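**Q** Before I ask anything, here is the structure I am working with.
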Amino acid sequence: MTDLSVDLGFIKLKNPVIAASGTFGYGLEFEPFIDLNLLGGFVVKGLYFSPREGNAPPRLAEASSGLINAIGLPGIGVERFSEEVLPRIRKYDTAIIVNVCGESEEEYGSVVEFLDKKEGISAYELNISCPNVKKDGLCPALSPEATFSAVSLVRKISSRPLITKLSPNVTDILEIALSAQEAGSDAISLVNTFLALAVDTETRRPKLANVYGGLSGPAIKPIALRMVHQVASRVNIPVIGMGGILEGNDALEFLIAGAKAVEVGTANFVDPEATKRIIDELNGYCQKMGIDRIETLIGSLRT
Amino acid sequence: MRLESPRIADRSRPGQFIMVRINAHHHPLLRRPFSIHSKNGKTIEIFFQVAGLGTDLLSQKNTDETLDILGPLGNGFKAEAELKGKAVALVGGGRGIAPLYFLAQELRSSGAASRIFYGGKTRADLPLRENLEKQGFDISCSTDDGSFGFKGFVSDLLKAELKKFTPARIFACGPEPMMKKISGTARQKSIPAEFSLESVMGCGFGACWGCVKRIKRGDGEELVKICEEGPVFPAEEIVWEEEEG
């Protein structure tokens, strides 16, 4: 029997497979398909303090081996989440991670301050890719200084482990990762989606009402892997890797490149049982290769 | 295309849909939504014409191949028993006819009399016409170019016919401008109407928030997921897009 558990230091996961924010609803949407107890963890859809409507439709466009989305982070806000969702998901024996959003640094702080009083959350994943309405729409993820500032603020408020989720839409992702580490982040997750455009050639309009959207899916996997490797080689906090994982083998690539755990995103839309299947495939690989503990694979890339 | 799935066939109602995974590869990545066109025992049918990569690949499948499908999804039409013995109008534009065939069959077996209005761009764009006639349905067609039936939009054909008969309910599916016009006509005549909406869908089961439509809820409006709360909505709940200039 293979030991699939991975230790992130601040939390031990029963396996390295986490369902990614924005692709797994609040978890409840997947109850008909999989036993949530099987997962290493899941990250609930990004929460701002108040309920939000999100962007105008159309919000989705398919790309080659990928999906461009401009959903715009609609959500129920922290109060409804705490009252209606949290009591229903906290009974599961899995790590429940809340993706935290904010239109300003203060909002990140107020979301965490509110949720810190509620039981049943394992960690926060700070979504620093949210546009900052006070700073001309620039999100903290785009500069090391703004990343440092936002992470430091939340770090002071939060009693729980903090994972900072990085955007790949930067010149030097390592610089941002090091800023998050310096500001006290307990882990880093990457990558969020790549800013992208799709055009309808008949109407000459963008396919998304928002014009730009974020590209996810297998199309981004090689770039995501490179970024994960780059960051994991240099930081000394755990890295959670994601970007286009559809199969167990994709997850293995991220682990070997240095990720301590992985997040599975777009795959959940195509195959609602994807997370469970990937865990099974990881197990199958380890048995075939005679690996007792999956942790021994992490960062084992031979270069 | 006929698909054998006893579980889905057993649970399907008119207006519901399935999500079909085109292949096990990465491209096309997303499942494709198809409304259920009919059911018969253990099988359901979907009706499609090749319009892109997904439908092209689907059209090349062979008999006895296995497909990964998810369903039945969505709410479906409210074709209640109270329509028994009454006349109803079913209006389909283009591929919007697909779910109405299933609805017409169900309404017939529950004792309602359906009049079907079927519109396409040209005579060649009415692929289900002959089949519907063969089944003995009362069907009137329109084409934009006048190559068959009424010349003009099916919404105008319906409007003209409503001078002669008053259905207990209108069910419609098709392009949004068509449904918007029908909604206006139905409101003028105070006829209850239900519309099946279409959207690009990421998942089909409420996880991606991709397929939203502006819907009246309580005193306000909300962006509601078509896959979860639809795809069928009563006319009075739908906030139609403004015409583009």
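The way I read the labels, and the way they are meant: chains A, B, ... in the order of the structure tokens, residue 1 as the first residue of every chain, and ligand 1 as the first ligand shown, with later ones counted on from there.
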Can I get the residues of chain B within 6 Å of chain A, each with the closest pair of atoms and their distance in Å to one decimal, using only C-alpha atoms, sorted chain first then ascending number, as a tab-separated table?
**A**
```
residue	atom	partner	partner_atom	distance
B:His26	CA	A:Ser65	CA	5.0
B:His27	CA	A:Ser65	CA	4.8
B:Leu29	CA	A:Ser65	CA	5.5
B:Leu30	CA	A:Val270	CA	5.6
B:Cys203	CA	A:Phe269	CA	4.5
B:Ala207	CA	A:Gly25	CA	4.9
B:Cys208	CA	A:Thr23	CA	5.8
B:Gly210	CA	A:Arg59	CA	5.4
```
**Q** Could the residues in this selection be saved with C-alpha atoms as a compact mmCIF listing (two decimals), in the first residue's frame?
**A**
```txt
# COMPACT_ATOMS: atom_id res chain seq x y z
CA HIS B 26 -7.66 17.41 -24.91
CA HIS B 27 -9.25 18.92 -27.96
CA LEU B 29 -11.69 20.07 -24.26
CA LEU B 30 -15.18 20.87 -23.06
CA CYS B 203 -19.63 21.96 -17.14
CA ALA B 207 -19.66 24.40 -11.05
CA CYS B 208 -18.21 26.86 -13.54
CA GLY B 210 -20.09 30.19 -17.18
```
**Q** Can you list, as a list in words, every residue of segment 131-236 of chain A that DSSP puts in strand (DSSP E)?
**A**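 Here is the list: Leu162, Ile163, Thr164, Lys165, Ala187, Ile188, Ser189, Leu190, Phe194, Leu195, Ala196, Leu197, Val199, Asp200, Arg205, Pro206, Tyr212, Gly213, Gly214, Leu215 and Ser216 of chain A.
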**Q** Considering only C-alpha atoms, return as a list in words whatever protein or nucleic-acid residues lie within 9 Å of segment 56-59 of chain B, sequence-local ones (same chain, fewer than 4 positions apart) excluded.
**A**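 The neighbour list is Met1, Ile22, Asn23, Phe48, Gln49, Val50, Ala51 and Gly52 of chain B.
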**Q** Report as a PyMOL selection string all protein, DNA and RNA residues lying within 10 Å of segment 14-17 of chain A, evaluated on only C-alpha atoms, omitting residues in the same chain fewer than 2 positions from it.
**A** chain A and resi 3-8+11-12+19-20+37-42+93-95+240+248+251-252+255+259-264+275-276+278-279+282-283+294-295
**Q** For the selection just defined, write its residues with N, CA and C atoms to a file, as an mmCIF file, in the first residue's frame.
**A**
```
data_model
loop_
_atom_site.group_PDB
_atom_site.id
_atom_site.type_symbol
_atom_site.label_atom_id
_atom_site.label_comp_id
_atom_site.auth_asym_id
_atom_site.auth_seq_id
_atom_site.Cartn_x
_atom_site.Cartn_y
_atom_site.Cartn_z
ATOM 1 N N ASP A 3 1.915 5.077 0.490
ATOM 2 C CA ASP A 3 1.558 6.223 1.317
ATOM 3 C C ASP A 3 1.494 7.450 0.416
ATOM 4 N N LEU A 4 0.263 7.917 0.180
ATOM 5 C CA LEU A 4 0.083 9.065 -0.721
ATOM 6 C C LEU A 4 0.111 10.398 0.029
ATOM 7 N N SER A 5 0.249 10.348 1.355
ATOM 8 C CA SER A 5 0.133 11.594 2.119
ATOM 9 C C SER A 5 1.329 12.521 1.865
ATOM 10 N N VAL A 6 1.053 13.801 1.951
ATOM 11 C CA VAL A 6 2.129 14.787 1.819
ATOM 12 C C VAL A 6 2.028 15.784 2.976
ATOM 13 N N ASP A 7 3.177 16.168 3.489
ATOM 14 C CA ASP A 7 3.209 17.067 4.636
ATOM 15 C C ASP A 7 3.638 18.463 4.174
ATOM 16 N N LEU A 8 2.721 19.415 4.281
ATOM 17 C CA LEU A 8 3.055 20.786 3.871
ATOM 18 C C LEU A 8 3.661 21.583 5.026
ATOM 19 N N ILE A 11 0.155 21.649 7.447
ATOM 20 C CA ILE A 11 -0.969 20.720 7.344
ATOM 21 C C ILE A 11 -0.499 19.477 6.615
ATOM 22 N N LYS A 12 -1.045 18.332 7.050
ATOM 23 C CA LYS A 12 -0.729 17.081 6.366
ATOM 24 C C LYS A 12 -1.943 16.682 5.533
ATOM 25 N N ALA A 19 -8.681 20.080 -5.157
ATOM 26 C CA ALA A 19 -9.505 20.668 -6.220
ATOM 27 C C ALA A 19 -9.322 22.183 -6.183
ATOM 28 N N ALA A 20 -9.129 22.781 -7.366
ATOM 29 C CA ALA A 20 -8.760 24.197 -7.435
ATOM 30 C C ALA A 20 -9.958 25.131 -7.334
ATOM 31 N N ASN A 37 -14.447 13.007 0.885
ATOM 32 C CA ASN A 37 -13.472 12.515 1.869
ATOM 33 C C ASN A 37 -12.208 11.956 1.224
ATOM 34 N N LEU A 38 -12.304 11.608 -0.062
ATOM 35 C CA LEU A 38 -11.158 11.010 -0.748
ATOM 36 C C LEU A 38 -10.086 12.032 -1.085
ATOM 37 N N LEU A 39 -10.468 13.309 -1.127
ATOM 38 C CA LEU A 39 -9.552 14.340 -1.622
ATOM 39 C C LEU A 39 -8.500 14.732 -0.593
ATOM 40 N N GLY A 40 -7.334 15.149 -1.100
ATOM 41 C CA GLY A 40 -6.345 15.773 -0.230
ATOM 42 C C GLY A 40 -6.945 17.046 0.350
ATOM 43 N N GLY A 41 -7.693 17.749 -0.469
ATOM 44 C CA GLY A 41 -8.369 18.962 -0.023
ATOM 45 C C GLY A 41 -9.136 19.576 -1.169
ATOM 46 N N PHE A 42 -9.910 20.606 -0.868
ATOM 47 C CA PHE A 42 -10.483 21.393 -1.959
ATOM 48 C C PHE A 42 -10.537 22.862 -1.577
ATOM 49 N N ASP A 93 -13.783 14.801 5.967
ATOM 50 C CA ASP A 93 -12.428 14.597 6.460
ATOM 51 C C ASP A 93 -11.446 14.922 5.337
ATOM 52 N N THR A 94 -11.310 16.196 5.051
ATOM 53 C CA THR A 94 -10.417 16.675 3.992
ATOM 54 C C THR A 94 -10.072 18.125 4.307
ATOM 55 N N ALA A 95 -8.982 18.607 3.726
ATOM 56 C CA ALA A 95 -8.594 19.989 4.016
ATOM 57 C C ALA A 95 -9.489 20.955 3.236
ATOM 58 N N ILE A 240 2.500 24.599 -4.226
ATOM 59 C CA ILE A 240 1.388 23.797 -4.747
ATOM 60 C C ILE A 240 1.276 24.135 -6.233
ATOM 61 N N GLY A 248 -3.393 11.673 -14.026
ATOM 62 C CA GLY A 248 -2.423 11.392 -12.978
ATOM 63 C C GLY A 248 -1.010 11.732 -13.425
ATOM 64 N N ALA A 251 -0.157 15.316 -12.963
ATOM 65 C CA ALA A 251 0.108 15.613 -11.550
ATOM 66 C C ALA A 251 1.522 15.161 -11.171
ATOM 67 N N LEU A 252 1.923 13.995 -11.669
ATOM 68 C CA LEU A 252 3.270 13.484 -11.390
ATOM 69 C C LEU A 252 4.337 14.449 -11.894
ATOM 70 N N LEU A 255 4.737 17.162 -9.382
ATOM 71 C CA LEU A 255 5.394 16.703 -8.151
ATOM 72 C C LEU A 255 6.900 16.541 -8.390
ATOM 73 N N ALA A 259 6.598 20.445 -6.884
ATOM 74 C CA ALA A 259 5.380 20.789 -6.148
ATOM 75 C C ALA A 259 5.119 19.749 -5.064
ATOM 76 N N LYS A 260 4.763 20.217 -3.860
ATOM 77 C CA LYS A 260 4.445 19.280 -2.770
ATOM 78 C C LYS A 260 3.020 18.756 -2.874
ATOM 79 N N ALA A 261 2.193 19.509 -3.572
ATOM 80 C CA ALA A 261 0.815 19.082 -3.821
ATOM 81 C C ALA A 261 0.405 19.725 -5.137
ATOM 82 N N VAL A 262 -0.737 19.292 -5.652
ATOM 83 C CA VAL A 262 -1.208 19.878 -6.910
ATOM 84 C C VAL A 262 -2.663 20.302 -6.765
ATOM 85 N N GLU A 263 -3.065 21.259 -7.595
ATOM 86 C CA GLU A 263 -4.477 21.592 -7.682
ATOM 87 C C GLU A 263 -4.974 21.209 -9.067
ATOM 88 N N VAL A 264 -6.166 20.625 -9.076
ATOM 89 C CA VAL A 264 -6.806 20.205 -10.321
ATOM 90 C C VAL A 264 -7.961 21.158 -10.582
ATOM 91 N N THR A 275 -10.700 14.436 -9.969
ATOM 92 C CA THR A 275 -9.812 14.402 -8.798
ATOM 93 C C THR A 275 -9.657 12.974 -8.273
ATOM 94 N N LYS A 276 -10.765 12.278 -8.183
ATOM 95 C CA LYS A 276 -10.735 10.892 -7.691
ATOM 96 C C LYS A 276 -9.911 10.016 -8.636
ATOM 97 N N ILE A 278 -7.537 10.932 -10.666
ATOM 98 C CA ILE A 278 -6.119 11.285 -10.599
ATOM 99 C C ILE A 278 -5.464 10.657 -9.363
ATOM 100 N N ILE A 279 -6.181 10.663 -8.236
ATOM 101 C CA ILE A 279 -5.648 10.007 -7.028
ATOM 102 C C ILE A 279 -5.420 8.516 -7.312
ATOM 103 N N LEU A 282 -2.356 8.127 -9.466
ATOM 104 C CA LEU A 282 -1.111 8.323 -8.702
ATOM 105 C C LEU A 282 -0.761 7.048 -7.940
ATOM 106 N N ASN A 283 -1.789 6.474 -7.340
ATOM 107 C CA ASN A 283 -1.604 5.233 -6.600
ATOM 108 C C ASN A 283 -1.095 4.124 -7.528
ATOM 109 N N ILE A 294 4.824 8.648 -1.723
ATOM 110 C CA ILE A 294 4.801 9.560 -2.874
ATOM 111 C C ILE A 294 5.689 10.778 -2.617
ATOM 112 N N GLU A 295 5.892 11.115 -1.346
ATOM 113 C CA GLU A 295 6.725 12.281 -1.005
ATOM 114 C C GLU A 295 8.146 12.163 -1.558
#
```
**Q** I'd like to know which of B:Pro33, B:Gly174, B:Pro167, B:Gly146 is closest to Ser190 of chain B, using only C-alpha atoms.
**A**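 Residue with the minimum atom-to-atom distance to Ser190 of chain B: B:Pro167.
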**Q** Quick one: pull the distance between atom CA of Ser159 of chain A and atom CA of Asp116 of chain A, Å, one decimal.
**A**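 We find that atom CA of Ser159 of chain A and atom CA of Asp116 of chain A lie 6.7 Å from each other.
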**Q** Could you pull the residues within 7 Å of Leu103 of chain B, counting only C-alpha atoms, minus those fewer than 4 positions along the same chain, as a list in words?
**A**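 Close residues of Leu103 of chain B: Pro14, Pro99 and Leu107 of chain B.
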**Q** Report as a PyMOL selection string all protein, DNA and RNA residues lying within 9 Å of Arg226 of chain A, evaluated on only C-alpha atoms, omitting residues in the same chain fewer than 5 positions from it.
**A** chain A and resi 221+231+257
**Q** Go through B:Thr66, B:Gln135, B:Thr166, B:Thr122 one by one, measure the shortest atom-to-atom distance of each to Ala24 of chain B using only C-alpha atoms, and give the residue with the smallest value.
**A**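 Nearest to Ala24 of chain B: B:Thr66.
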**Q** Neighbours of Leu3 of chain B within 7 Å (only C-alpha atoms; same-chain residues fewer than 6 positions away dropped), as a ChimeraX atom specification?
**A** /B:43-45
**Q** So which residues of segment 23-226 of chain B fall under helix (DSSP H, G or I) by DSSP, listed as a PyMOL selection string?
**A** chain B and resi 53-59+81-83+94-109+123-125+129-134+154-161+176-188+226
**Q** Mind pulling up the distance from atom CA of Arg115 of chain B to atom CA of Ala87 of chain B?
**A**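 Going from atom CA of Ala87 of chain B over to atom CA of Arg115 of chain B covers 7.4 Å.
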**Q** Tell me, in Å to one decimal, how far atom CA of Gly54 of chain B is from atom CA of Pro28 of chain B.
**A**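 We find that atom CA of Gly54 of chain B and atom CA of Pro28 of chain B lie 6.4 Å from each other.
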